[in-house]
Amino acid sequence: MVGTGLYVPGTTTTLKIYNKYQEFKKHDLKRFKNTDTFHIENYLDIIKGYLRFEIEIKKKKLESLYNTKYIRIRNIIYKDLKKVWSEEFMKLLKFYNNELTIIRDREKVKNRLYGIYGETKGKNLYDFFCSLIIDGVLVVKNNMSKPSYYRKLKFLKDVGIDFSQKLDIKEDNFIDFNPFTFEEVV
């Protein structure tokens with residue numbers, strides 16, 4: 001899967017995320033070349049753009065899940081496997097159920113963006129968020145390329161950040177302080 005996916009081995013699970021189209025062409029295409037019953041071109045068209053999220057759940061995980069050393073297929077519940085899949089990928093993607101609530105507070109927004117996207121991308125998205133709430137959506141949209149604008153907007157939406165409110169900052173409420181022009185106050 002080198003170059004076409006992500007492989008994350010662990011002691012209890014192994015996570016695999018890969019491009020299904022690339023993986024199929026590399027590993028399985030040769031098996032179907034000489035068959036008339038399987039329409040390979042149709043299948044390739046169908047799987048283009050698909051990412052596969054796969055998990056290998058190891059015996060150690062099943063033993064802790066069912067609290068027994070003797071695991072039997074008939075005792076495994078599909079819902080439990082689905083829950084393990086969800087929890088493991090959420091850890092990988094750094095999403096947690098309690099973090100998926102919508103937030104507006106600047107400090108919480110900053111923490112979430114840095115925590116999920118890392119320092120560099122998080123700072124970039126936080127700056128974008130601040131521009132949205134200070135300058136407004138229309139101003140920001142008109143001052144950057146559409147692909148960049150919509151890509152950054154999607155990153156904010158994906159992690160539950162509300163940018164619909166604009167801060168009302170009055171630009172004319174400042175004091176022009178120059179100590180050399182003011183009368184001395186004793």
# chains A, B, ... in the order shown; residues from 1 in each chain; ligands from 1
call {"tool": "select_by_dssp", "arguments": {"residues": "chain A", "states": "strand (DSSP E or B)", "output": "JSON, numbers by chain"}}
result
{"A": [5, 6, 7, 8, 13, 14, 15, 16, 17, 18, 19, 51, 52, 53, 54, 55, 56, 57, 103, 161]}
call {"tool": "residues_around", "arguments": {"residues": "Lys157 of chain A", "least_positions_apart": "2", "cutoff": "12 Å", "atoms": "only C-alpha atoms", "output": "number ranges by chain"}}
result
A: 100-104, 109, 113, 125, 129, 150-155, 159-164
call {"tool": "closest_residue", "arguments": {"among": "A:Phe38, A:Lys123, A:Ile116, A:Glu63", "to": "Leu92 of chain A", "atoms": "only C-alpha atoms"}}
result
A:Ile116
call {"tool": "residues_around", "arguments": {"residues": "Val8 of chain A", "least_positions_apart": "2", "cutoff": "10 Å", "atoms": "only C-alpha atoms", "output": "ChimeraX atom specification"}}
result
/A:6,10,13-17,55,92
call {"tool": "write_last_selection", "arguments": {"atoms": "all heavy atoms", "output": "mmCIF file, in the first residue's frame"}}
result
data_model
loop_
_atom_site.group_PDB
_atom_site.id
_atom_site.type_symbol
_atom_site.label_atom_id
_atom_site.label_comp_id
_atom_site.auth_asym_id
_atom_site.auth_seq_id
_atom_site.Cartn_x
_atom_site.Cartn_y
_atom_site.Cartn_z
ATOM 1 N N LEU A 6 -2.528 4.593 3.680
ATOM 2 C CA LEU A 6 -1.952 4.778 5.000
ATOM 3 C C LEU A 6 -2.137 3.480 5.769
ATOM 4 O O LEU A 6 -3.232 2.911 5.781
ATOM 5 C CB LEU A 6 -2.679 5.928 5.718
ATOM 6 C CG LEU A 6 -2.303 6.227 7.152
ATOM 7 C CD1 LEU A 6 -0.879 6.775 7.221
ATOM 8 C CD2 LEU A 6 -3.269 7.241 7.738
ATOM 9 N N GLY A 10 -0.845 -1.549 15.049
ATOM 10 C CA GLY A 10 -0.954 -1.394 16.493
ATOM 11 C C GLY A 10 -0.975 -2.753 17.154
ATOM 12 O O GLY A 10 -0.991 -3.785 16.480
ATOM 13 N N THR A 13 -5.140 -3.340 17.106
ATOM 14 C CA THR A 13 -5.783 -3.145 15.802
ATOM 15 C C THR A 13 -4.752 -2.634 14.808
ATOM 16 O O THR A 13 -3.724 -2.077 15.198
ATOM 17 C CB THR A 13 -6.928 -2.108 15.870
ATOM 18 O OG1 THR A 13 -6.395 -0.865 16.292
ATOM 19 C CG2 THR A 13 -8.055 -2.546 16.772
ATOM 20 N N THR A 14 -5.039 -2.822 13.540
ATOM 21 C CA THR A 14 -4.250 -2.223 12.467
ATOM 22 C C THR A 14 -5.228 -1.506 11.555
ATOM 23 O O THR A 14 -6.209 -2.098 11.106
ATOM 24 C CB THR A 14 -3.463 -3.294 11.692
ATOM 25 O OG1 THR A 14 -2.525 -3.901 12.587
ATOM 26 C CG2 THR A 14 -2.714 -2.684 10.525
ATOM 27 N N LEU A 15 -4.951 -0.231 11.308
ATOM 28 C CA LEU A 15 -5.838 0.577 10.476
ATOM 29 C C LEU A 15 -5.226 0.733 9.090
ATOM 30 O O LEU A 15 -4.017 0.915 8.947
ATOM 31 C CB LEU A 15 -6.043 1.952 11.102
ATOM 32 C CG LEU A 15 -6.531 1.967 12.550
ATOM 33 C CD1 LEU A 15 -6.638 3.389 13.057
ATOM 34 C CD2 LEU A 15 -7.852 1.266 12.676
ATOM 35 N N LYS A 16 -6.081 0.659 8.082
ATOM 36 C CA LYS A 16 -5.640 0.810 6.706
ATOM 37 C C LYS A 16 -6.608 1.747 5.990
ATOM 38 O O LYS A 16 -7.814 1.541 6.028
ATOM 39 C CB LYS A 16 -5.637 -0.538 5.983
ATOM 40 C CG LYS A 16 -4.796 -1.595 6.657
ATOM 41 C CD LYS A 16 -5.054 -2.967 6.060
ATOM 42 C CE LYS A 16 -4.444 -4.045 6.932
ATOM 43 N NZ LYS A 16 -4.797 -5.376 6.478
ATOM 44 N N ILE A 17 -6.050 2.770 5.362
ATOM 45 C CA ILE A 17 -6.841 3.671 4.535
ATOM 46 C C ILE A 17 -6.146 3.696 3.183
ATOM 47 O O ILE A 17 -4.951 3.990 3.111
ATOM 48 C CB ILE A 17 -6.893 5.099 5.119
ATOM 49 C CG1 ILE A 17 -7.441 5.092 6.540
ATOM 50 C CG2 ILE A 17 -7.726 6.016 4.224
ATOM 51 C CD1 ILE A 17 -7.367 6.438 7.241
ATOM 52 N N ILE A 55 -10.117 -2.039 9.001
ATOM 53 C CA ILE A 55 -9.487 -2.288 10.295
ATOM 54 C C ILE A 55 -9.287 -3.786 10.480
ATOM 55 O O ILE A 55 -10.147 -4.588 10.123
ATOM 56 C CB ILE A 55 -10.328 -1.711 11.464
ATOM 57 C CG1 ILE A 55 -9.590 -1.833 12.790
ATOM 58 C CG2 ILE A 55 -11.674 -2.375 11.542
ATOM 59 C CD1 ILE A 55 -10.223 -1.068 13.931
ATOM 60 N N LEU A 92 -7.633 8.064 15.293
ATOM 61 C CA LEU A 92 -6.668 8.374 14.241
ATOM 62 C C LEU A 92 -6.921 9.762 13.664
ATOM 63 O O LEU A 92 -5.991 10.535 13.439
ATOM 64 C CB LEU A 92 -6.726 7.333 13.119
ATOM 65 C CG LEU A 92 -5.829 7.601 11.913
ATOM 66 C CD1 LEU A 92 -4.366 7.446 12.299
ATOM 67 C CD2 LEU A 92 -6.183 6.677 10.769
#
